[in-house]
file run27.cif (mmCIF, C-alpha atoms)
data_target
#
loop_
_atom_site.label_atom_id
_atom_site.label_comp_id
_atom_site.auth_asym_id
_atom_site.auth_seq_id
_atom_site.Cartn_x
_atom_site.Cartn_y
_atom_site.Cartn_z
CA MET A 1 -93.24 123.41 -64.84
CA LEU A 2 -94.52 120.60 -62.67
CA GLU A 3 -92.11 121.53 -59.90
CA VAL A 4 -93.31 125.14 -60.01
CA LYS A 5 -96.96 124.07 -59.72
CA LEU A 6 -96.11 121.72 -56.88
CA GLU A 7 -94.21 124.44 -55.03
CA LEU A 8 -97.14 126.83 -55.54
CA LEU A 9 -99.61 124.31 -54.11
CA ILE A 10 -97.39 123.66 -51.09
CA ASN A 11 -96.97 127.38 -50.43
CA THR A 12 -100.71 127.99 -50.81
CA TYR A 13 -101.81 125.17 -48.53
CA THR A 14 -98.95 125.12 -46.02
CA ALA A 15 -101.27 125.79 -43.07
CA GLU A 16 -103.57 122.91 -44.06
CA ILE A 17 -100.63 120.57 -44.65
CA VAL A 18 -99.21 121.30 -41.19
CA ALA A 19 -102.63 120.92 -39.54
CA VAL A 20 -103.47 117.65 -41.30
CA SER A 21 -100.00 116.21 -40.65
CA SER A 22 -100.10 117.11 -36.95
CA ILE A 23 -103.58 115.66 -36.45
CA ALA A 24 -102.67 112.51 -38.41
CA ILE A 25 -99.58 111.84 -36.28
CA VAL A 26 -101.44 112.37 -33.01
CA MET A 27 -104.38 110.23 -34.18
CA ALA A 28 -102.08 107.40 -35.25
CA MET A 29 -100.32 107.40 -31.87
CA LEU A 30 -103.49 107.45 -29.75
CA PRO A 31 -104.04 104.06 -28.04
CA GLY A 32 -106.96 102.12 -29.43
CA ALA A 33 -108.02 98.78 -30.86
CA ASP A 34 -105.49 99.02 -33.70
CA PHE A 35 -102.63 99.64 -31.29
CA VAL A 36 -103.70 96.73 -29.09
CA MET A 37 -103.86 94.35 -32.06
CA VAL A 38 -100.51 95.40 -33.52
CA THR A 39 -98.86 95.14 -30.11
CA ARG A 40 -100.27 91.71 -29.36
CA THR A 41 -99.55 90.38 -32.87
CA SER A 42 -95.95 91.64 -32.88
CA ILE A 43 -95.28 89.94 -29.56
CA SER A 44 -97.13 86.68 -30.16
CA ASN A 45 -96.69 86.18 -33.90
CA GLY A 46 -93.46 87.98 -34.71
CA ARG A 47 -92.20 90.88 -36.75
CA LEU A 48 -93.51 89.87 -40.18
CA ALA A 49 -97.04 89.32 -38.88
CA GLY A 50 -96.97 92.72 -37.19
CA LEU A 51 -95.72 94.42 -40.34
CA TYR A 52 -98.38 92.77 -42.52
CA MET A 53 -101.05 93.76 -40.01
CA SER A 54 -99.74 97.34 -40.16
CA LEU A 55 -100.01 97.17 -43.95
CA GLY A 56 -103.61 95.95 -43.70
CA MET A 57 -104.46 98.87 -41.43
CA ALA A 58 -102.79 101.31 -43.81
CA LEU A 59 -104.81 99.91 -46.72
CA SER A 60 -108.02 100.40 -44.77
CA VAL A 61 -106.98 104.00 -44.09
CA CYS A 62 -106.71 104.39 -47.88
CA ILE A 63 -110.38 103.37 -48.13
CA HIS A 64 -111.36 105.84 -45.41
CA ALA A 65 -109.43 108.60 -47.16
CA SER A 66 -110.98 107.79 -50.55
CA TYR A 67 -114.60 107.98 -49.44
CA SER A 68 -113.84 111.06 -47.35
CA ILE A 69 -112.50 112.88 -50.40
CA ALA A 70 -115.61 111.76 -52.27
CA GLY A 71 -117.74 113.36 -49.55
CA LEU A 72 -119.27 110.13 -48.26
CA THR A 73 -118.23 110.83 -44.66
CA VAL A 74 -120.91 113.52 -44.52
CA ILE A 75 -123.50 110.99 -45.68
CA ILE A 76 -122.34 108.47 -43.07
CA ALA A 77 -122.41 111.09 -40.31
CA ASN A 78 -125.92 112.24 -41.27
CA SER A 79 -127.33 108.73 -41.70
CA LYS A 80 -128.14 107.38 -38.25
CA TRP A 81 -128.83 103.82 -39.39
CA LEU A 82 -125.69 103.63 -41.53
CA PHE A 83 -123.44 104.96 -38.81
CA SER A 84 -125.08 102.63 -36.27
CA ALA A 85 -124.57 99.66 -38.59
CA ILE A 86 -120.86 100.45 -38.91
CA LYS A 87 -120.58 100.98 -35.15
CA TYR A 88 -122.24 97.69 -34.23
CA LEU A 89 -120.31 95.75 -36.86
CA GLY A 90 -117.08 97.20 -35.51
CA SER A 91 -118.07 96.38 -31.93
CA ALA A 92 -119.03 92.82 -32.85
CA TYR A 93 -115.71 92.27 -34.61
CA LEU A 94 -113.72 93.61 -31.64
CA ILE A 95 -115.70 91.36 -29.28
CA TYR A 96 -114.92 88.40 -31.55
CA LEU A 97 -111.19 89.22 -31.48
CA ALA A 98 -111.31 89.79 -27.72
CA TRP A 99 -113.00 86.44 -27.11
CA GLN A 100 -110.37 84.64 -29.17
CA LEU A 101 -107.66 86.13 -26.97
CA VAL A 102 -109.38 85.67 -23.62
CA ALA A 103 -110.45 82.11 -24.43
CA THR A 104 -106.93 80.99 -25.39
CA PRO A 105 -106.31 77.55 -23.83
CA LYS A 106 -104.21 77.78 -20.69
CA GLY A 107 -101.56 75.41 -21.94
CA LEU A 108 -101.00 77.28 -25.20
CA ASN A 109 -97.79 79.26 -25.72
CA THR A 110 -96.31 78.30 -22.36
CA ASP A 111 -93.05 77.04 -23.86
CA LYS A 112 -90.66 79.94 -23.43
CA ARG A 113 -88.36 78.55 -26.05
CA VAL A 114 -90.98 79.21 -28.73
CA GLN A 115 -90.70 82.87 -29.62
CA SER A 116 -93.68 83.18 -31.94
CA THR A 117 -96.62 81.27 -33.33
CA GLN A 118 -97.43 81.19 -37.01
CA MET A 119 -99.81 83.68 -38.58
CA SER A 120 -99.99 83.88 -42.35
CA ALA A 121 -99.32 87.19 -44.08
CA LEU A 122 -102.83 87.18 -45.55
CA LYS A 123 -104.50 86.58 -42.19
CA ALA A 124 -102.45 89.29 -40.50
CA MET A 125 -103.23 91.78 -43.28
CA ARG A 126 -106.91 90.81 -43.33
CA THR A 127 -107.25 91.16 -39.56
CA GLY A 128 -105.58 94.58 -39.56
CA PHE A 129 -107.75 95.75 -42.45
CA ALA A 130 -110.99 94.58 -40.84
CA CYS A 131 -110.08 96.00 -37.42
CA ASN A 132 -109.58 99.49 -38.86
CA ILE A 133 -112.20 99.59 -41.61
CA LEU A 134 -114.99 98.74 -39.12
CA ASN A 135 -113.91 101.41 -36.66
CA PRO A 136 -116.45 104.28 -36.75
CA LYS A 137 -114.02 106.49 -34.82
CA THR A 138 -111.78 106.46 -37.89
CA SER A 139 -114.72 107.64 -40.01
CA ILE A 140 -115.35 110.49 -37.56
CA PHE A 141 -111.64 111.33 -37.62
CA PHE A 142 -111.70 111.72 -41.41
CA LEU A 143 -114.99 113.61 -41.25
CA SER A 144 -113.48 116.13 -38.82
CA ILE A 145 -110.42 116.63 -41.02
CA PHE A 146 -112.16 116.94 -44.37
CA THR A 147 -114.94 119.19 -43.07
CA GLN A 148 -113.23 121.27 -40.38
CA VAL A 149 -109.60 121.52 -41.50
CA VAL A 150 -109.66 121.13 -45.28
CA SER A 151 -111.25 123.95 -47.26
CA VAL A 152 -113.95 123.15 -49.80
CA ASP A 153 -111.80 124.97 -52.36
CA THR A 154 -108.81 122.68 -51.81
CA PRO A 155 -108.03 120.86 -55.10
CA LEU A 156 -108.62 117.12 -55.22
CA VAL A 157 -104.93 116.45 -55.87
CA VAL A 158 -104.06 118.25 -52.63
CA GLN A 159 -106.76 116.36 -50.73
CA ALA A 160 -105.33 113.13 -52.12
CA GLY A 161 -101.97 114.25 -50.77
CA TYR A 162 -103.56 114.71 -47.35
CA GLY A 163 -104.91 111.18 -47.56
CA LEU A 164 -101.42 109.91 -48.36
CA ILE A 165 -99.98 111.78 -45.38
CA ILE A 166 -102.55 110.16 -43.07
CA VAL A 167 -101.88 106.71 -44.51
CA LEU A 168 -98.12 107.09 -44.11
CA ALA A 169 -98.48 108.42 -40.55
CA HIS A 170 -100.43 105.33 -39.53
CA PHE A 171 -98.22 102.88 -41.42
CA VAL A 172 -94.93 104.33 -40.13
CA TRP A 173 -96.21 104.45 -36.54
CA TYR A 174 -97.47 100.86 -36.45
CA CYS A 175 -94.36 99.57 -38.23
CA SER A 176 -92.25 101.38 -35.63
CA VAL A 177 -94.25 99.74 -32.82
CA THR A 178 -93.79 96.35 -34.48
CA LEU A 179 -90.05 96.77 -34.99
CA MET A 180 -89.56 97.93 -31.41
CA LEU A 181 -91.58 95.14 -29.77
CA SER A 182 -90.10 92.42 -31.98
CA HIS A 183 -86.50 93.48 -31.35
CA PRO A 184 -84.33 90.50 -30.31
CA ASN A 185 -83.41 92.21 -27.05
CA ILE A 186 -87.01 92.99 -26.14
CA LEU A 187 -89.12 90.14 -27.51
CA PRO A 188 -87.82 87.38 -25.15
CA ARG A 189 -89.03 89.38 -22.14
CA PHE A 190 -92.55 89.55 -23.57
CA ASN A 191 -92.46 85.87 -24.61
CA GLN A 192 -92.29 84.88 -20.94
CA HIS A 193 -95.72 86.43 -20.43
CA LYS A 194 -97.45 85.70 -23.75
CA GLN A 195 -100.59 84.25 -22.24
CA LYS A 196 -101.03 87.14 -19.80
CA ILE A 197 -100.51 89.61 -22.65
CA ASP A 198 -103.20 87.84 -24.70
CA LYS A 199 -105.64 87.99 -21.79
CA ILE A 200 -104.93 91.66 -21.10
CA ALA A 201 -105.24 92.53 -24.80
CA GLY A 202 -108.54 90.65 -24.94
CA VAL A 203 -109.94 92.51 -21.93
CA ILE A 204 -108.86 95.88 -23.35
CA LEU A 205 -110.48 95.09 -26.71
CA MET A 206 -113.67 94.05 -24.91
CA ILE A 207 -113.75 97.33 -22.99
CA ILE A 208 -113.17 99.31 -26.20
CA ALA A 209 -115.97 97.38 -27.92
CA ILE A 210 -118.43 98.02 -25.06
CA LYS A 211 -117.57 101.73 -24.97
CA LEU A 212 -117.96 101.88 -28.75
CA THR A 213 -121.37 100.20 -28.59
CA PHE A 214 -122.81 102.62 -26.04
CA SER A 215 -121.08 105.80 -27.22
#
call {"tool": "encode", "arguments": {"input": "run27.cif", "output": "structure tokens"}}
result
Amino acid sequence: MLEVKLELLINTYTAEIVAVSSIAIVMAMLPGADFVMVTRTSISNGRLAGLYMSLGMALSVCIHASYSIAGLTVIIANSKWLFSAIKYLGSAYLIYLAWQLVATPKGLNTDKRVQSTQMSALKAMRTGFACNILNPKTSIFFLSIFTQVVSVDTPLVVQAGYGLIIVLAHFVWYCSVTLMLSHPNILPRFNQHKQKIDKIAGVILMIIAIKLTFS
């Protein structure tokens, strides 16, 4: 009986499922602050740190999906002060991360024999979570999906399924990036230029933060 109901739901909302899945994959793969942080962390702190950061980002996507299903994205979009608060908080956090990278002491990480520095699982997860949860572009992304793509008549269980699809798309993509960059045949090449990568990542994050502030 459950299988029949599930098959009926899938057949009824096939168009929405395809649309949400396609948008989620493209959105996950678009370069942004999350991509920069996962890339830099995977190279400088190793595979486990990158995977935990990916998990933190996926958990924050769960939060975005939850309040979107509850209809709070509409409130955020229509509340100028609330959206501005989220935007400026996100910008400030990105600037903080960027400054940490740009201001890295010159002598740090210059030993090519050291392949990664230590970052605790909790810190990596917390950083990934904060980086994504404070990103107003993610809120707009969910607003566009749950107001433009998803019908108001779509059952909550189906909307929850959409949220799961989006979470998995982001998690799988960032884990794939981490696994690729931390591969034993690839990582040593990046390790030779760790400091330059940190500086470049910091500058990119700063640019993203400035654009976010004035957008």
call {"tool": "residues_near_point", "arguments": {"input": "run27.cif", "point": "(-98.6, 102.8, -39.1)", "cutoff": "9 Å", "atoms": "all atoms listed in the file", "output": "ChimeraX atom specification"}}
result
/A:28-29,51,54-55,57-58,167-177
call {"tool": "atom_distance", "arguments": {"input": "run27.cif", "atom1": "atom CA of Leu143 of chain A", "atom2": "atom CA of Gly71 of chain A"}}
result
8.7 Å
call {"tool": "closest_residue", "arguments": {"input": "run27.cif", "among": "A:Ser21, A:Ser68, A:Ser42, A:Thr178", "to": "Met119 of chain A", "atoms": "all atoms listed in the file"}}
result
A:Ser42
call {"tool": "atom_distance", "arguments": {"input": "run27.cif", "atom1": "atom CA of Ile186 of chain A", "atom2": "atom CA of Ala49 of chain A"}}
result
16.6 Å
call {"tool": "resolve_selection", "arguments": {"input": "run27.cif", "expression": "the PyMOL selection byres ((chain A and resi 80-93) around 6)", "output": "ChimeraX atom specification"}}
result
/A:76,79,94-96,134-136,209
call {"tool": "write_last_selection", "arguments": {"input": "run27.cif", "atoms": "C-alpha atoms", "output": "PDB file, in the coordinates of the input"}}
result
ATOM      1  CA  ILE A  76    -122.340 108.470 -43.070  1.00  0.00           C
ATOM      2  CA  SER A  79    -127.330 108.730 -41.700  1.00  0.00           C
ATOM      3  CA  LEU A  94    -113.720  93.610 -31.640  1.00  0.00           C
ATOM      4  CA  ILE A  95    -115.700  91.360 -29.280  1.00  0.00           C
ATOM      5  CA  TYR A  96    -114.920  88.400 -31.550  1.00  0.00           C
ATOM      6  CA  LEU A 134    -114.990  98.740 -39.120  1.00  0.00           C
ATOM      7  CA  ASN A 135    -113.910 101.410 -36.660  1.00  0.00           C
ATOM      8  CA  PRO A 136    -116.450 104.280 -36.750  1.00  0.00           C
ATOM      9  CA  ALA A 209    -115.970  97.380 -27.920  1.00  0.00           C
TER      10      ALA A 209
END
call {"tool": "residues_around", "arguments": {"input": "run27.cif", "residues": "Phe142 of chain A", "least_positions_apart": "2", "cutoff": "8 Å", "atoms": "all atoms listed in the file", "output": "list in words"}}
result
His64, Ala65, Ser68, Thr73, Thr138, Ser139, Ile140, Ser144, Ile145 and Phe146 of chain A
call {"tool": "closest_residue", "arguments": {"input": "run27.cif", "among": "A:Glu16, A:Asn45, A:Asp34, A:Met53", "to": "Leu122 of chain A", "atoms": "all atoms listed in the file"}}
result
A:Met53
call {"tool": "atom_distance", "arguments": {"input": "run27.cif", "atom1": "atom CA of Arg47 of chain A", "atom2": "atom CA of Phe141 of chain A"}}
result
28.2 Å
call {"tool": "resolve_selection", "arguments": {"input": "run27.cif", "expression": "the PyMOL selection byres ((chain A and resi 13) around 12)", "output": "list in words"}}
result
Leu6, Glu7, Leu8, Leu9, Ile10, Asn11, Thr12, Thr14, Ala15, Glu16, Ile17, Val18, Ala19, Val20, Val149, Val150, Ser151, Asp153, Thr154, Pro155, Val157, Val158, Gln159, Gly161 and Tyr162 of chain A
call {"tool": "axis_aligned_box", "arguments": {"input": "run27.cif", "around": "segment 166-173 of chain A", "padding_each_side": "5 Å", "output": "lines of an AutoDock Vina configuration file"}}
result
center_x = -98.7
center_y = 106.5
center_z = -40.5
size_x = 17.6
size_y = 17.3
size_z = 18.0
call {"tool": "closest_residue", "arguments": {"input": "run27.cif", "among": "A:Ala70, A:Ile166, A:Leu212, A:Met180", "to": "Ala24 of chain A", "atoms": "all atoms listed in the file"}}
result
A:Ile166
call {"tool": "closest_residue", "arguments": {"input": "run27.cif", "among": "A:Val36, A:Val61, A:Ile208, A:Leu48", "to": "Lys123 of chain A", "atoms": "all atoms listed in the file"}}
result
A:Leu48
call {"tool": "closest_atom_pairs", "arguments": {"input": "run27.cif", "of": "segment 36-149 of chain A", "to": "segment 195-201 of chain A", "cutoff": "7 Å", "atoms": "all atoms listed in the file", "output": "JSON lines"}}
result
{"residue": "A:Val36", "atom": "CA", "partner": "A:Ala201", "partner_atom": "CA", "distance": 6.2}
{"residue": "A:Arg40", "atom": "CA", "partner": "A:Asp198", "partner_atom": "CA", "distance": 6.7}
{"residue": "A:Leu101", "atom": "CA", "partner": "A:Asp198", "partner_atom": "CA", "distance": 5.3}
{"residue": "A:Val102", "atom": "CA", "partner": "A:Lys199", "partner_atom": "CA", "distance": 4.8}
{"residue": "A:Asn109", "atom": "CA", "partner": "A:Gln195", "partner_atom": "CA", "distance": 6.7}
call {"tool": "build_atoms", "arguments": {"input": "run27.cif", "residues": "segment 124-135 of chain A", "atoms": "all heavy atoms", "output": "mmCIF file, keeping the file's coordinate frame"}}
result
data_model
loop_
_atom_site.group_PDB
_atom_site.id
_atom_site.type_symbol
_atom_site.label_atom_id
_atom_site.label_comp_id
_atom_site.auth_asym_id
_atom_site.auth_seq_id
_atom_site.Cartn_x
_atom_site.Cartn_y
_atom_site.Cartn_z
ATOM 1 N N ALA A 124 -102.869 88.107 -41.244
ATOM 2 C CA ALA A 124 -102.450 89.290 -40.500
ATOM 3 C C ALA A 124 -102.945 90.566 -41.195
ATOM 4 O O ALA A 124 -103.473 91.480 -40.551
ATOM 5 C CB ALA A 124 -100.933 89.320 -40.362
ATOM 6 N N MET A 125 -102.798 90.606 -42.515
ATOM 7 C CA MET A 125 -103.230 91.780 -43.280
ATOM 8 C C MET A 125 -104.751 91.925 -43.219
ATOM 9 O O MET A 125 -105.278 93.023 -43.041
ATOM 10 C CB MET A 125 -102.769 91.656 -44.734
ATOM 11 C CG MET A 125 -102.827 92.968 -45.507
ATOM 12 S SD MET A 125 -102.348 92.787 -47.263
ATOM 13 C CE MET A 125 -100.846 91.835 -47.121
ATOM 14 N N ARG A 126 -105.450 90.788 -43.349
ATOM 15 C CA ARG A 126 -106.910 90.810 -43.330
ATOM 16 C C ARG A 126 -107.449 91.259 -41.969
ATOM 17 O O ARG A 126 -108.391 92.045 -41.886
ATOM 18 C CB ARG A 126 -107.454 89.418 -43.669
ATOM 19 C CG ARG A 126 -108.974 89.356 -43.801
ATOM 20 C CD ARG A 126 -109.431 87.990 -44.249
ATOM 21 N NE ARG A 126 -109.110 86.957 -43.272
ATOM 22 C CZ ARG A 126 -108.352 85.916 -43.524
ATOM 23 N NH1 ARG A 126 -107.780 85.763 -44.711
ATOM 24 N NH2 ARG A 126 -108.114 85.017 -42.595
ATOM 25 N N THR A 127 -106.819 90.781 -40.911
ATOM 26 C CA THR A 127 -107.250 91.160 -39.560
ATOM 27 C C THR A 127 -107.023 92.649 -39.319
ATOM 28 O O THR A 127 -107.889 93.342 -38.766
ATOM 29 C CB THR A 127 -106.479 90.340 -38.504
ATOM 30 O OG1 THR A 127 -106.710 88.947 -38.728
ATOM 31 C CG2 THR A 127 -106.938 90.698 -37.103
ATOM 32 N N GLY A 128 -105.860 93.153 -39.713
ATOM 33 C CA GLY A 128 -105.580 94.580 -39.560
ATOM 34 C C GLY A 128 -106.527 95.441 -40.365
ATOM 35 O O GLY A 128 -107.011 96.471 -39.888
ATOM 36 N N PHE A 129 -106.824 95.009 -41.584
ATOM 37 C CA PHE A 129 -107.750 95.750 -42.450
ATOM 38 C C PHE A 129 -109.135 95.806 -41.834
ATOM 39 O O PHE A 129 -109.750 96.880 -41.745
ATOM 40 C CB PHE A 129 -107.807 95.095 -43.828
ATOM 41 C CG PHE A 129 -108.683 95.814 -44.815
ATOM 42 C CD1 PHE A 129 -108.160 96.833 -45.607
ATOM 43 C CD2 PHE A 129 -110.020 95.487 -44.949
ATOM 44 C CE1 PHE A 129 -108.967 97.507 -46.512
ATOM 45 C CE2 PHE A 129 -110.837 96.150 -45.849
ATOM 46 C CZ PHE A 129 -110.308 97.159 -46.638
ATOM 47 N N ALA A 130 -109.639 94.648 -41.397
ATOM 48 C CA ALA A 130 -110.990 94.580 -40.840
ATOM 49 C C ALA A 130 -111.100 95.382 -39.543
ATOM 50 O O ALA A 130 -112.103 96.063 -39.299
ATOM 51 C CB ALA A 130 -111.392 93.130 -40.602
ATOM 52 N N CYS A 131 -110.064 95.303 -38.707
ATOM 53 C CA CYS A 131 -110.080 96.000 -37.420
ATOM 54 C C CYS A 131 -110.214 97.502 -37.613
ATOM 55 O O CYS A 131 -110.933 98.180 -36.872
ATOM 56 C CB CYS A 131 -108.804 95.671 -36.652
ATOM 57 S SG CYS A 131 -108.756 96.336 -34.976
ATOM 58 N N ASN A 132 -109.555 98.041 -38.628
ATOM 59 C CA ASN A 132 -109.580 99.490 -38.860
ATOM 60 C C ASN A 132 -110.779 99.934 -39.692
ATOM 61 O O ASN A 132 -111.380 100.964 -39.411
ATOM 62 C CB ASN A 132 -108.282 99.933 -39.515
ATOM 63 C CG ASN A 132 -108.164 101.447 -39.568
ATOM 64 O OD1 ASN A 132 -108.723 102.096 -40.432
ATOM 65 N ND2 ASN A 132 -107.416 102.011 -38.635
ATOM 66 N N ILE A 133 -111.136 99.160 -40.709
ATOM 67 C CA ILE A 133 -112.200 99.590 -41.610
ATOM 68 C C ILE A 133 -113.549 99.626 -40.903
ATOM 69 O O ILE A 133 -114.452 100.389 -41.279
ATOM 70 C CB ILE A 133 -112.285 98.665 -42.858
ATOM 71 C CG1 ILE A 133 -112.999 99.367 -44.012
ATOM 72 C CG2 ILE A 133 -112.960 97.361 -42.528
ATOM 73 C CD1 ILE A 133 -112.250 100.522 -44.605
ATOM 74 N N LEU A 134 -113.721 98.801 -39.851
ATOM 75 C CA LEU A 134 -114.990 98.740 -39.120
ATOM 76 C C LEU A 134 -115.008 99.666 -37.910
ATOM 77 O O LEU A 134 -115.934 99.609 -37.114
ATOM 78 C CB LEU A 134 -115.262 97.302 -38.669
ATOM 79 C CG LEU A 134 -115.542 96.289 -39.789
ATOM 80 C CD1 LEU A 134 -115.632 94.875 -39.224
ATOM 81 C CD2 LEU A 134 -116.814 96.646 -40.532
ATOM 82 N N ASN A 135 -113.994 100.499 -37.803
ATOM 83 C CA ASN A 135 -113.910 101.410 -36.660
ATOM 84 C C ASN A 135 -114.576 102.746 -36.999
ATOM 85 O O ASN A 135 -114.040 103.529 -37.776
ATOM 86 C CB ASN A 135 -112.441 101.641 -36.289
ATOM 87 C CG ASN A 135 -112.290 102.386 -34.977
ATOM 88 O OD1 ASN A 135 -113.249 102.942 -34.437
ATOM 89 N ND2 ASN A 135 -111.087 102.403 -34.444
#
